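The structure file work-v4.cif is reproduced below (mmCIF, C-alpha atoms).
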```
data_upload
#
loop_
_atom_site.label_atom_id
_atom_site.label_comp_id
_atom_site.auth_asym_id
_atom_site.auth_seq_id
_atom_site.Cartn_x
_atom_site.Cartn_y
_atom_site.Cartn_z
CA MET A 1 98.56 89.75 132.98
CA ASN A 2 101.34 91.80 134.59
CA LYS A 3 102.01 95.46 133.79
CA THR A 4 105.26 94.82 131.90
CA PHE A 5 103.62 92.35 129.53
CA THR A 6 100.64 94.66 129.05
CA LYS A 7 103.06 97.39 127.94
CA ILE A 8 104.77 94.94 125.58
CA ILE A 9 101.43 94.11 123.99
CA CYS A 10 100.94 97.84 123.44
CA ILE A 11 104.15 97.81 121.39
CA PHE A 12 102.70 95.28 118.96
CA TYR A 13 99.42 97.23 118.66
CA CYS A 14 100.58 100.85 118.68
CA PHE A 15 103.21 100.19 115.99
CA LEU A 16 100.57 99.38 113.41
CA ILE A 17 98.81 102.74 113.02
CA PHE A 18 100.60 106.09 113.11
CA GLU A 19 99.97 109.78 112.65
CA GLY A 20 103.18 111.68 111.92
CA CYS A 21 106.80 110.91 111.00
CA SER A 22 109.85 113.05 110.35
CA VAL A 23 113.44 112.37 109.34
CA ASN A 24 116.47 114.61 109.77
CA LYS A 25 118.50 114.69 106.53
CA ASN A 26 120.67 117.28 104.85
CA ILE A 27 119.27 118.17 101.41
CA SER A 28 121.71 119.80 99.01
CA GLN A 29 119.78 119.79 95.74
CA ASN A 30 118.33 123.19 94.78
CA ASN A 31 117.40 122.70 91.10
CA SER A 32 113.66 122.29 90.52
CA ILE A 33 112.49 118.99 88.98
CA THR A 34 109.01 118.21 87.60
CA LEU A 35 107.56 114.69 87.66
CA SER A 36 104.18 113.24 86.70
CA LYS A 37 102.56 110.59 88.88
CA LYS A 38 103.57 107.92 86.32
CA GLU A 39 107.19 109.09 86.36
CA LEU A 40 107.10 109.16 90.14
CA VAL A 41 105.80 105.57 90.35
CA ASP A 42 108.32 104.43 87.71
CA ARG A 43 111.15 105.92 89.78
CA ILE A 44 109.88 104.13 92.87
CA ASN A 45 109.52 100.81 91.03
CA SER A 46 113.07 101.16 89.68
CA ILE A 47 114.52 100.96 93.21
CA GLU A 48 115.72 97.40 93.57
CA GLN A 49 114.17 95.50 96.46
CA LYS A 50 116.04 92.25 97.12
CA ASP A 51 114.34 89.18 98.51
CA GLU A 52 116.25 89.20 101.80
CA LEU A 53 115.53 89.47 105.51
CA ILE A 54 115.99 92.74 107.38
CA LEU A 55 117.43 92.25 110.87
CA ILE A 56 117.11 95.15 113.34
CA LYS A 57 119.02 93.87 116.37
CA GLY A 58 119.52 95.10 119.93
CA SER A 59 117.33 98.18 119.67
CA LYS A 60 116.64 100.05 122.90
CA ILE A 61 112.99 100.65 123.72
CA SER A 62 111.44 102.82 126.42
CA ILE A 63 107.71 102.64 127.28
CA GLU A 64 106.16 105.40 129.38
CA ASP A 65 102.61 105.44 130.74
CA ASN A 66 100.78 106.47 133.92
CA SER A 67 102.56 103.74 135.91
CA GLY A 68 106.10 104.86 135.01
CA ILE A 69 108.85 104.02 132.52
CA THR A 70 109.88 100.54 131.37
CA ASN A 71 113.17 100.05 129.48
CA LEU A 72 113.64 97.00 127.27
CA LYS A 73 115.54 95.67 124.25
CA VAL A 74 113.88 94.53 121.03
CA ASN A 75 114.90 92.62 117.89
CA PHE A 76 112.96 92.74 114.60
CA LEU A 77 113.35 90.23 111.76
CA ILE A 78 111.36 91.39 108.73
CA LYS A 79 110.46 89.30 105.68
CA LEU A 80 109.07 91.97 103.37
CA ASP A 81 105.34 91.69 102.57
CA SER A 82 105.14 88.43 104.50
CA ALA A 83 106.00 88.35 108.22
CA ILE A 84 107.69 90.20 111.08
CA LEU A 85 109.25 88.35 114.02
CA VAL A 86 109.63 90.47 117.18
CA SER A 87 111.61 89.54 120.31
CA VAL A 88 111.41 91.72 123.45
CA SER A 89 113.96 91.26 126.26
CA SER A 90 114.92 92.84 129.56
CA LEU A 91 118.05 95.00 129.70
CA LEU A 92 119.85 91.90 131.03
CA GLY A 93 119.05 90.09 127.78
CA ILE A 94 116.34 87.76 129.13
CA GLU A 95 113.50 87.37 126.60
CA VAL A 96 110.12 88.27 128.10
CA SER A 97 107.96 88.15 124.97
CA ARG A 98 108.04 87.07 121.33
CA ALA A 99 105.56 87.74 118.53
CA LEU A 100 105.07 86.66 114.93
CA ILE A 101 103.11 89.29 113.00
CA LEU A 102 101.57 88.02 109.77
CA LYS A 103 99.46 89.72 107.10
CA ASP A 104 96.21 88.44 108.63
CA SER A 105 96.99 87.58 112.26
CA ILE A 106 99.40 87.86 115.21
CA ILE A 107 100.83 85.25 117.59
CA VAL A 108 102.26 86.49 120.91
CA ILE A 109 104.18 84.43 123.50
CA ASP A 110 104.36 85.62 127.14
CA ARG A 111 107.54 84.10 128.62
CA ILE A 112 106.75 85.50 132.08
CA ASN A 113 103.33 83.88 132.51
CA LYS A 114 104.00 80.93 130.14
CA THR A 115 100.99 81.75 127.99
CA TYR A 116 100.37 82.64 124.36
CA TYR A 117 97.57 83.89 122.17
CA TYR A 118 96.66 83.84 118.50
CA GLU A 119 94.29 86.45 117.06
CA LYS A 120 93.02 87.60 113.68
CA TYR A 121 93.19 91.36 113.04
CA ASP A 122 89.41 91.78 112.97
CA GLU A 123 89.20 90.08 116.39
CA LEU A 124 91.91 92.39 117.74
CA GLU A 125 90.12 95.44 116.38
CA LYS A 126 86.89 94.47 118.16
CA ARG A 127 88.77 93.74 121.38
CA PHE A 128 90.99 96.83 121.50
CA SER A 129 89.16 99.29 119.19
CA ILE A 130 92.36 99.69 117.16
CA SER A 131 92.53 99.23 113.40
CA LEU A 132 95.54 97.03 112.58
CA ASP A 133 97.44 96.69 109.31
CA PHE A 134 100.55 94.59 108.63
CA LEU A 135 101.77 96.81 105.78
CA GLN A 136 101.55 99.91 107.98
CA LEU A 137 103.85 98.27 110.53
CA GLN A 138 106.26 97.26 107.78
CA SER A 139 106.30 100.83 106.40
CA LEU A 140 106.90 102.21 109.87
CA LEU A 141 109.89 99.97 110.60
CA THR A 142 111.52 100.20 107.18
CA GLY A 143 110.62 103.79 106.21
CA ASP A 144 109.19 102.42 102.93
CA PHE A 145 105.94 104.02 101.71
CA LYS A 146 105.97 102.73 98.13
CA MET A 147 102.64 100.93 98.49
CA ASN A 148 100.96 104.14 99.70
CA ILE A 149 101.97 105.92 96.51
CA GLN A 150 101.39 103.03 94.10
CA GLU A 151 97.87 102.34 95.36
CA SER A 152 96.82 105.97 95.86
CA VAL A 153 93.93 107.50 93.91
CA ILE A 154 96.03 110.48 92.82
CA PRO A 155 95.07 111.49 89.23
CA ILE A 156 97.48 110.04 86.69
CA ASP A 157 97.99 113.48 85.12
CA ARG A 158 99.04 115.05 88.43
CA VAL A 159 102.36 116.92 88.18
CA TYR A 160 104.81 117.35 91.08
CA VAL A 161 107.46 120.07 91.26
CA SER A 162 110.38 119.66 93.66
CA ASP A 163 111.12 122.32 96.28
CA LYS A 164 114.54 122.45 97.97
CA GLY A 165 115.32 118.93 96.76
CA ASN A 166 112.00 117.41 97.87
CA ILE A 167 108.68 116.48 96.28
CA ASN A 168 105.56 116.61 98.48
CA ILE A 169 102.78 114.08 97.92
CA GLY A 170 99.36 114.19 99.59
CA ILE A 171 97.24 111.03 99.87
CA SER A 172 93.72 110.92 101.32
CA GLU A 173 91.81 107.76 102.21
CA SER A 174 88.46 107.20 103.94
CA LYS A 175 87.97 103.56 104.95
CA THR A 176 84.65 104.07 106.73
CA GLU A 177 82.42 106.94 107.82
CA ASN A 178 84.33 107.19 111.12
CA GLU A 179 87.84 106.43 109.82
CA ARG A 180 90.00 108.81 107.78
CA ILE A 181 93.69 108.68 106.90
CA GLU A 182 95.58 111.68 105.51
CA THR A 183 99.18 111.14 104.39
CA VAL A 184 101.75 113.72 103.28
CA LEU A 185 105.12 112.37 102.10
CA LYS A 186 108.24 114.44 101.46
CA ILE A 187 110.55 112.53 99.09
CA ASP A 188 114.21 113.35 98.53
CA ILE A 189 114.42 113.72 94.75
CA ALA A 190 118.13 112.80 94.54
CA LYS A 191 118.16 109.50 96.46
CA PHE A 192 114.42 108.85 96.57
CA PHE A 193 114.02 108.01 100.25
CA ILE A 194 111.21 109.33 102.43
CA ASN A 195 112.67 112.44 104.03
CA GLU A 196 109.50 113.25 105.97
CA ALA A 197 106.00 111.83 106.36
CA THR A 198 102.94 113.16 108.13
CA ILE A 199 100.01 110.77 108.59
CA LEU A 200 96.79 111.72 110.34
CA PHE A 201 94.63 108.83 111.54
CA GLU A 202 91.25 109.54 113.06
CA LYS A 203 88.93 106.91 114.50
CA GLU A 204 86.66 106.97 117.55
CA GLY A 205 88.76 109.52 119.44
CA LEU A 206 92.05 107.57 119.16
CA GLU A 207 95.22 109.45 118.22
CA TYR A 208 98.54 108.00 117.06
CA GLN A 209 101.75 109.87 116.42
CA VAL A 210 105.16 108.60 115.41
CA SER A 211 108.23 110.63 114.55
CA TYR A 212 111.50 109.09 113.44
CA ASN A 213 114.89 110.39 112.38
CA ASP A 214 118.59 109.63 111.88
CA TYR A 215 118.22 107.20 108.99
CA ILE A 216 120.78 104.38 108.66
CA ASN A 217 122.10 103.63 105.15
CA ILE A 218 122.38 99.89 104.47
CA ASN A 219 123.15 98.84 100.87
CA SER A 220 121.62 102.10 99.54
CA TYR A 221 118.48 101.62 101.64
CA PHE A 222 117.59 104.09 104.38
CA PHE A 223 116.15 102.69 107.61
CA PRO A 224 114.92 104.88 110.51
CA GLY A 225 117.38 105.01 113.40
CA PHE A 226 115.01 106.53 115.97
CA LEU A 227 111.25 106.22 116.46
CA ASP A 228 109.10 108.16 118.95
CA ILE A 229 105.53 106.81 119.19
CA GLU A 230 102.53 108.25 121.01
CA PHE A 231 99.19 106.52 121.51
CA LYS A 232 96.41 108.25 123.37
CA ASN A 233 92.68 108.08 123.91
CA LYS A 234 90.35 109.77 126.39
CA LYS A 235 91.74 107.70 129.28
CA SER A 236 95.45 107.15 128.70
CA LEU A 237 98.67 108.26 127.01
CA ILE A 238 101.45 105.81 126.14
CA ARG A 239 104.83 106.88 124.70
CA ILE A 240 107.24 104.42 123.10
CA ALA A 241 110.77 105.42 122.02
CA ILE A 242 112.95 103.07 119.96
CA GLN A 243 116.61 103.58 119.09
CA ASN A 244 118.04 101.39 116.32
CA LYS A 245 121.79 100.92 115.98
CA ASN A 246 122.44 97.52 114.36
CA ILE A 247 120.63 96.83 111.06
CA LYS A 248 121.71 94.01 108.72
CA ILE A 249 120.50 92.26 105.56
CA GLN A 250 120.38 88.45 105.80
CA PRO A 251 119.58 85.57 103.40
CA ASN A 252 115.86 84.86 103.09
CA LYS A 253 114.21 82.09 105.08
CA GLY A 254 110.81 81.24 106.53
CA LEU A 255 109.90 82.92 109.81
CA ILE A 256 108.31 80.70 112.46
CA ILE A 257 107.54 80.92 116.16
CA ASP A 258 107.93 77.93 118.50
CA ILE A 259 105.35 77.71 121.30
CA PRO A 260 106.50 75.51 124.23
CA ALA A 261 104.19 72.54 124.86
CA ASN A 262 103.54 73.60 128.47
CA TYR A 263 102.32 77.11 127.53
CA ILE A 264 98.58 77.77 127.89
CA ARG A 265 96.58 79.64 125.27
CA SER A 266 95.21 82.89 126.68
CA ARG A 267 91.64 84.02 125.92
#
```
What do you get writing this file as C-alpha coordinates?
Amino acid sequence: MNKTFTKIICIFYCFLIFEGCSVNKNISQNNSITLSKKELVDRINSIEQKDELILIKGSKISIEDNSGITNLKVNFLIKLDSAILVSVSSLLGIEVSRALILKDSIIVIDRINKTYYYEKYDELEKRFSISLDFLQLQSLLTGDFKMNIQESVIPIDRVYVSDKGNINIGISESKTENERIETVLKIDIAKFFINEATILFEKEGLEYQVSYNDYININSYFFPGFLDIEFKNKKSLIRIAIQNKNIKIQPNKGLIIDIPANYIRSR
(Lines of atoms letter the chains of each structure in order from A and count residues from 1; the text may use other names and numbers.)
(Lines give C-alpha, C1' and ligand atoms only; values in the text may rest on other atoms or scores of the structure.)
Protein backbone atom coordinates (compact mmCIF):
# COMPACT_ATOMS: atom_id res chain seq x y z
CA MET A 1 0.00 0.00 0.00
CA ASN A 2 1.56 3.31 -1.08
CA LYS A 3 2.02 6.29 1.23
CA THR A 4 -0.67 8.43 -0.41
CA PHE A 5 -3.34 5.76 0.01
CA THR A 6 -2.22 5.12 3.59
CA LYS A 7 -2.79 8.81 4.33
CA ILE A 8 -6.21 8.64 2.68
CA ILE A 9 -7.17 5.72 4.90
CA CYS A 10 -6.18 7.87 7.88
CA ILE A 11 -8.78 10.40 6.73
CA PHE A 12 -11.56 7.84 7.03
CA TYR A 13 -10.36 6.71 10.47
CA CYS A 14 -9.28 9.96 12.11
CA PHE A 15 -12.55 11.69 11.18
CA LEU A 16 -14.56 9.39 13.40
CA ILE A 17 -13.27 10.33 16.87
CA PHE A 18 -12.37 13.88 17.90
CA GLU A 19 -11.29 15.88 20.90
CA GLY A 20 -12.00 19.60 20.45
CA CYS A 21 -13.95 21.86 18.08
CA SER A 22 -14.46 25.60 17.85
CA VAL A 23 -16.45 27.90 15.59
CA ASN A 24 -15.95 31.60 14.98
CA LYS A 25 -19.31 33.42 15.15
CA ASN A 26 -20.37 36.88 16.21
CA ILE A 27 -22.82 36.70 19.13
CA SER A 28 -24.96 39.78 19.71
CA GLN A 29 -27.46 38.59 22.30
CA ASN A 30 -26.73 39.83 25.84
CA ASN A 31 -30.01 39.10 27.67
CA SER A 32 -29.81 36.09 29.98
CA ILE A 33 -32.14 33.15 29.22
CA THR A 34 -32.86 30.15 31.48
CA LEU A 35 -33.76 26.73 30.06
CA SER A 36 -34.37 23.32 31.64
CA LYS A 37 -33.00 20.19 29.98
CA LYS A 38 -36.52 19.37 28.70
CA GLU A 39 -36.90 22.85 27.19
CA LEU A 40 -33.45 22.53 25.67
CA VAL A 41 -34.27 19.17 24.05
CA ASP A 42 -37.65 20.49 22.87
CA ARG A 43 -35.90 23.43 21.18
CA ILE A 44 -33.48 21.06 19.48
CA ASN A 45 -36.27 18.74 18.33
CA SER A 46 -38.19 21.72 16.92
CA ILE A 47 -35.42 22.40 14.37
CA GLU A 48 -36.68 20.90 11.14
CA GLN A 49 -34.42 18.26 9.63
CA LYS A 50 -35.45 17.45 6.06
CA ASP A 51 -34.93 14.05 4.52
CA GLU A 52 -32.41 15.23 1.93
CA LEU A 53 -28.79 14.59 0.97
CA ILE A 54 -26.01 16.95 2.02
CA LEU A 55 -23.39 17.43 -0.69
CA ILE A 56 -20.03 18.92 0.34
CA LYS A 57 -18.22 19.26 -2.98
CA GLY A 58 -14.67 20.17 -4.02
CA SER A 59 -13.27 20.60 -0.52
CA LYS A 60 -9.52 21.08 -0.25
CA ILE A 61 -7.70 18.70 2.07
CA SER A 62 -4.11 18.76 3.30
CA ILE A 63 -2.53 15.80 5.14
CA GLU A 64 0.73 16.31 7.01
CA ASP A 65 2.80 13.59 8.68
CA ASN A 66 6.46 12.66 9.13
CA SER A 67 6.84 12.02 5.39
CA GLY A 68 5.62 15.47 4.29
CA ILE A 69 2.42 17.16 3.09
CA THR A 70 -0.13 15.71 0.67
CA ASN A 71 -2.78 17.98 -0.90
CA LEU A 72 -6.00 16.48 -2.24
CA LYS A 73 -9.65 17.25 -3.00
CA VAL A 74 -12.58 15.51 -1.34
CA ASN A 75 -16.35 15.25 -1.87
CA PHE A 76 -18.81 14.13 0.82
CA LEU A 77 -22.38 12.98 0.16
CA ILE A 78 -24.22 12.50 3.45
CA LYS A 79 -27.53 10.68 3.96
CA LEU A 80 -28.30 11.59 7.56
CA ASP A 81 -28.25 8.69 10.05
CA SER A 82 -27.66 6.23 7.21
CA ALA A 83 -24.55 6.53 5.03
CA ILE A 84 -21.69 8.80 3.97
CA LEU A 85 -20.08 8.51 0.53
CA VAL A 86 -16.54 9.95 0.31
CA SER A 87 -14.53 10.56 -2.87
CA VAL A 88 -10.86 11.62 -2.66
CA SER A 89 -9.08 13.00 -5.75
CA SER A 90 -5.76 14.50 -6.74
CA LEU A 91 -5.56 18.26 -7.34
CA LEU A 92 -5.93 17.45 -11.06
CA GLY A 93 -9.33 15.90 -10.35
CA ILE A 94 -8.35 12.23 -10.76
CA GLU A 95 -10.10 10.06 -8.15
CA VAL A 96 -7.64 8.02 -6.09
CA SER A 97 -9.99 6.56 -3.49
CA ARG A 98 -13.69 6.19 -2.69
CA ALA A 99 -15.38 5.01 0.50
CA LEU A 100 -18.90 4.21 1.64
CA ILE A 101 -19.22 4.63 5.41
CA LEU A 102 -22.24 2.89 6.92
CA LYS A 103 -23.53 2.66 10.49
CA ASP A 104 -21.87 -0.74 11.03
CA SER A 105 -19.09 -1.00 8.43
CA ILE A 106 -16.89 0.75 5.85
CA ILE A 107 -16.04 -0.09 2.23
CA VAL A 108 -12.93 1.53 0.73
CA ILE A 109 -11.80 1.40 -2.93
CA ASP A 110 -8.13 2.04 -3.82
CA ARG A 111 -8.10 3.29 -7.43
CA ILE A 112 -4.28 3.36 -7.50
CA ASN A 113 -3.69 -0.29 -6.60
CA LYS A 114 -7.06 -1.57 -7.94
CA THR A 115 -8.00 -3.10 -4.61
CA TYR A 116 -10.80 -2.69 -2.08
CA TYR A 117 -11.66 -3.78 1.42
CA TYR A 118 -14.77 -4.21 3.53
CA GLU A 119 -14.55 -4.14 7.33
CA LYS A 120 -16.88 -4.06 10.32
CA TYR A 121 -16.12 -1.40 12.94
CA ASP A 122 -15.15 -3.93 15.61
CA GLU A 123 -12.64 -5.47 13.16
CA LEU A 124 -11.21 -2.03 12.40
CA GLU A 125 -10.89 -1.24 16.09
CA LYS A 126 -8.90 -4.43 16.72
CA ARG A 127 -6.70 -3.76 13.69
CA PHE A 128 -5.98 -0.06 14.27
CA SER A 129 -6.73 0.38 18.00
CA ILE A 130 -9.16 3.18 17.14
CA SER A 131 -12.75 3.30 18.34
CA LEU A 132 -15.00 4.15 15.37
CA ASP A 133 -18.51 5.59 15.36
CA PHE A 134 -20.61 6.57 12.34
CA LEU A 135 -22.65 9.17 14.25
CA GLN A 136 -19.48 10.89 15.46
CA LEU A 137 -18.32 11.33 11.87
CA GLN A 138 -21.74 12.66 10.88
CA SER A 139 -21.67 15.16 13.78
CA LEU A 140 -18.18 16.25 12.82
CA LEU A 141 -19.04 16.94 9.17
CA THR A 142 -22.42 18.58 9.77
CA GLY A 143 -21.76 20.35 13.09
CA ASP A 144 -24.88 18.64 14.49
CA PHE A 145 -24.64 17.36 18.09
CA LYS A 146 -28.35 16.81 18.76
CA MET A 147 -27.91 13.11 19.51
CA ASN A 148 -25.25 13.89 22.14
CA ILE A 149 -27.70 16.07 24.04
CA GLN A 150 -30.80 13.91 23.54
CA GLU A 151 -29.09 10.73 24.75
CA SER A 152 -27.07 12.31 27.57
CA VAL A 153 -27.60 11.33 31.20
CA ILE A 154 -27.97 14.95 32.30
CA PRO A 155 -30.61 15.18 35.10
CA ILE A 156 -33.99 16.20 33.73
CA ASP A 157 -34.26 18.99 36.33
CA ARG A 158 -30.95 20.56 35.29
CA VAL A 159 -31.26 24.29 34.54
CA TYR A 160 -29.06 26.18 32.05
CA VAL A 161 -28.51 29.93 32.10
CA SER A 162 -27.19 31.66 28.98
CA ASP A 163 -24.03 33.77 29.13
CA LYS A 164 -23.25 36.27 26.36
CA GLY A 165 -25.81 34.62 24.09
CA ASN A 166 -24.60 31.04 24.69
CA ILE A 167 -25.60 28.08 26.84
CA ASN A 168 -22.84 25.68 27.93
CA ILE A 169 -23.63 21.97 28.26
CA GLY A 170 -21.29 19.37 29.75
CA ILE A 171 -21.70 15.67 28.90
CA SER A 172 -19.61 12.86 30.40
CA GLU A 173 -19.53 9.28 29.15
CA SER A 174 -17.40 6.28 30.13
CA LYS A 175 -17.71 3.42 27.64
CA THR A 176 -15.14 1.15 29.28
CA GLU A 177 -12.59 1.30 32.08
CA ASN A 178 -9.98 2.64 29.64
CA GLU A 179 -12.24 4.85 27.50
CA ARG A 180 -13.71 8.19 28.58
CA ILE A 181 -15.40 10.93 26.57
CA GLU A 182 -16.00 14.42 27.94
CA THR A 183 -18.04 16.84 25.81
CA VAL A 184 -18.70 20.55 26.38
CA LEU A 185 -21.03 22.25 23.89
CA LYS A 186 -21.58 26.01 23.56
CA ILE A 187 -24.95 26.64 21.89
CA ASP A 188 -26.00 29.95 20.38
CA ILE A 189 -29.33 30.65 22.11
CA ALA A 190 -30.72 32.82 19.28
CA LYS A 191 -30.21 30.51 16.28
CA PHE A 192 -29.47 27.28 18.15
CA PHE A 193 -26.38 26.14 16.28
CA ILE A 194 -23.27 24.75 17.96
CA ASN A 195 -21.03 27.78 18.39
CA GLU A 196 -18.25 25.81 20.07
CA ALA A 197 -17.60 22.23 21.16
CA THR A 198 -14.81 20.69 23.19
CA ILE A 199 -14.59 16.89 23.26
CA LEU A 200 -11.92 14.98 25.15
CA PHE A 201 -11.40 11.37 24.09
CA GLU A 202 -8.97 9.20 26.02
CA LYS A 203 -8.10 5.62 25.13
CA GLU A 204 -4.80 3.74 25.28
CA GLY A 205 -2.66 6.84 24.82
CA LEU A 206 -4.39 8.02 21.62
CA GLU A 207 -5.28 11.70 21.27
CA TYR A 208 -7.63 13.30 18.74
CA GLN A 209 -8.27 16.99 18.24
CA VAL A 210 -10.44 18.77 15.71
CA SER A 211 -11.18 22.46 15.48
CA TYR A 212 -13.51 23.97 12.91
CA ASN A 213 -14.78 27.44 12.10
CA ASP A 214 -16.37 29.72 9.50
CA TYR A 215 -19.78 28.07 9.38
CA ILE A 216 -21.71 28.13 6.08
CA ASN A 217 -25.46 28.89 6.27
CA ILE A 218 -27.51 26.67 3.94
CA ASN A 219 -31.31 26.83 4.31
CA SER A 220 -30.96 27.95 7.97
CA TYR A 221 -28.51 25.13 8.72
CA PHE A 222 -24.93 25.89 9.72
CA PHE A 223 -22.19 23.64 8.32
CA PRO A 224 -18.49 23.95 9.28
CA GLY A 225 -16.41 25.65 6.59
CA PHE A 226 -12.99 24.69 7.96
CA LEU A 227 -11.79 21.64 9.90
CA ASP A 228 -8.34 21.13 11.44
CA ILE A 229 -7.78 17.56 12.69
CA GLU A 230 -4.91 16.14 14.73
CA PHE A 231 -4.32 12.47 15.47
CA LYS A 232 -1.36 11.40 17.54
CA ASN A 233 -0.07 8.47 19.53
CA LYS A 234 3.32 7.66 21.03
CA LYS A 235 4.84 7.10 17.57
CA SER A 236 3.25 9.54 15.14
CA LEU A 237 1.39 12.80 14.58
CA ILE A 238 -0.94 13.33 11.62
CA ARG A 239 -2.63 16.66 10.82
CA ILE A 240 -5.54 16.95 8.39
CA ALA A 241 -6.96 20.33 7.30
CA ILE A 242 -10.19 20.56 5.28
CA GLN A 243 -11.64 23.69 3.70
CA ASN A 244 -15.27 23.52 2.56
CA LYS A 245 -16.63 26.03 0.06
CA ASN A 246 -19.48 24.38 -1.87
CA ILE A 247 -22.29 22.83 0.22
CA LYS A 248 -25.68 21.95 -1.30
CA ILE A 249 -28.88 20.13 -0.33
CA GLN A 250 -30.04 17.50 -2.85
CA PRO A 251 -33.07 15.18 -3.20
CA ASN A 252 -32.74 11.97 -1.22
CA LYS A 253 -31.58 8.74 -2.84
CA GLY A 254 -29.80 5.54 -1.90
CA LEU A 255 -26.02 5.72 -1.63
CA ILE A 256 -24.07 2.86 -3.22
CA ILE A 257 -20.48 2.15 -4.18
CA ASP A 258 -19.56 0.27 -7.38
CA ILE A 259 -16.53 -2.01 -7.11
CA PRO A 260 -14.96 -2.83 -10.51
CA ALA A 261 -14.95 -6.57 -11.28
CA ASN A 262 -11.15 -6.63 -11.73
CA TYR A 263 -10.43 -5.14 -8.27
CA ILE A 264 -8.99 -7.52 -5.66
CA ARG A 265 -10.20 -7.57 -2.06
CA SER A 266 -7.41 -6.55 0.31
CA ARG A 267 -6.85 -8.40 3.60
**OP:** List the residues selected by the PyMOL selection byres ((chain A and resi 104) around 7) in the file shown, writing them as JSON, numbers by chain.
**Re:** {"A": [102, 103, 105, 120, 121]}
When the PyMOL selection byres ((chain A and resi 93) around 10) is applied to the file above, which residues end up in the set, as a PDB file with C-alpha atoms, in the frame of the given file?
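Result file follows (out_14.pdb):
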```pdb
ATOM      1  CA  GLY A  58     119.520  95.100 119.930  1.00  0.00           C
ATOM      2  CA  LEU A  72     113.640  97.000 127.270  1.00  0.00           C
ATOM      3  CA  LYS A  73     115.540  95.670 124.250  1.00  0.00           C
ATOM      4  CA  VAL A  74     113.880  94.530 121.030  1.00  0.00           C
ATOM      5  CA  VAL A  88     111.410  91.720 123.450  1.00  0.00           C
ATOM      6  CA  SER A  89     113.960  91.260 126.260  1.00  0.00           C
ATOM      7  CA  SER A  90     114.920  92.840 129.560  1.00  0.00           C
ATOM      8  CA  LEU A  91     118.050  95.000 129.700  1.00  0.00           C
ATOM      9  CA  LEU A  92     119.850  91.900 131.030  1.00  0.00           C
ATOM     10  CA  ILE A  94     116.340  87.760 129.130  1.00  0.00           C
ATOM     11  CA  GLU A  95     113.500  87.370 126.600  1.00  0.00           C
ATOM     12  CA  VAL A  96     110.120  88.270 128.100  1.00  0.00           C
TER      13      VAL A  96
END
```
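Around region 236-247 of chain A, within 6 Å and counting all atoms listed in the file, the residues found are Leu55, Ile56, Lys57, Ser59, Lys60, Ile61, Ser62, Ile63, Glu64, Asp65, Gly225, Phe226, Leu227, Asp228, Ile229, Glu230, Phe231 and Lys232 of chain A, once anything fewer than 4 positions away on its own chain is removed.
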Original post:
In Å, how far is it from CA of Ile101 (chain A) to CA of Asn252 (chain A)?
Top reply: 16.7 Å
Subject >> Expected residue set, 9 Å radius at (113.4, 120.9, 94.3), all atoms listed in the file, as a PyMOL selection string >> reply: chain A and resi 29-34+161-167+188-189
**OP:** Find the residues near Leu100 (chain A): any atom within 8 Å, counting all atoms listed in the file, skip ones fewer than 2 places away on the same chain, and give them as a ChimeraX atom specification.
**Re:** /A:83-86,98,102,106-108,255-257
Suppose we keep C-alpha atoms; can you now write the selection as a tab-separated table (two decimals), in the frame of the given file?
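In the end it all went to selection_25.tsv:
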```
chain	number	residue	atom	x	y	z
A	83	ALA	CA	106.00	88.35	108.22
A	84	ILE	CA	107.69	90.20	111.08
A	85	LEU	CA	109.25	88.35	114.02
A	86	VAL	CA	109.63	90.47	117.18
A	98	ARG	CA	108.04	87.07	121.33
A	102	LEU	CA	101.57	88.02	109.77
A	106	ILE	CA	99.40	87.86	115.21
A	107	ILE	CA	100.83	85.25	117.59
A	108	VAL	CA	102.26	86.49	120.91
A	255	LEU	CA	109.90	82.92	109.81
A	256	ILE	CA	108.31	80.70	112.46
A	257	ILE	CA	107.54	80.92	116.16
```
Subject >> Among the residues A:Ile264, A:Ile249, A:Ile194, A:Ile169, the one that comes closest to Ile218 (chain A) [using only C-alpha atoms] >> reply: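 Of A:Ile264, A:Ile249, A:Ile194, A:Ile169, the one nearest Ile218 (chain A), counting only C-alpha atoms, is A:Ile249.
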Original post:
Hey, can you check how far CA of Asp51 (chain A) sits from CA of Leu35 (chain A)?
Top reply: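 Distance reported for this atom pair: 28.5 Å.
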Subject >> All residues 8 Å or closer to Asp157 (chain A), all atoms listed in the file, same chain fewer than 2 positions away omitted, as a PyMOL selection string >> reply: chain A and resi 36-38+155+159
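Counting only C-alpha atoms and comparing A:Val41, A:Ile112, A:Ile187, A:Ile259, the residue that lies closest to Glu151 (chain A) is A:Val41.
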Original post:
By how many Å are CA of Thr115 (chain A) and CA of Leu80 (chain A) apart?
Top reply: 27.9 Å
Box along x, y and z, 3 Å on every side, all listed atoms of region 101-113 of chain A inside: centre and edge lengths in Å to one decimal, as AutoDock Vina command-line options.
```
--center_x 101.9 --center_y 86.8 --center_z 119.8 --size_x 17.3 --size_y 11.8 --size_z 31.4
```
Subject >> Shortest interatomic distance to Leu77 (chain A) - which of A:Arg111, A:Lys191, A:Arg267, A:Lys253, counting all atoms listed in the file >> reply: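 Selected residue with least distance to Leu77 (chain A): A:Lys253.
Using all atoms listed in the file, the nearest neighbour of Tyr160 (chain A) within the list A:Lys186, A:Asn217, A:Asn71, A:Phe193 is A:Lys186.
The residue that comes closest to Phe222 (chain A), out of A:Ser174, A:Ser139, A:Ser67, A:Ser97 and on the basis of all atoms listed in the file, is A:Ser139.
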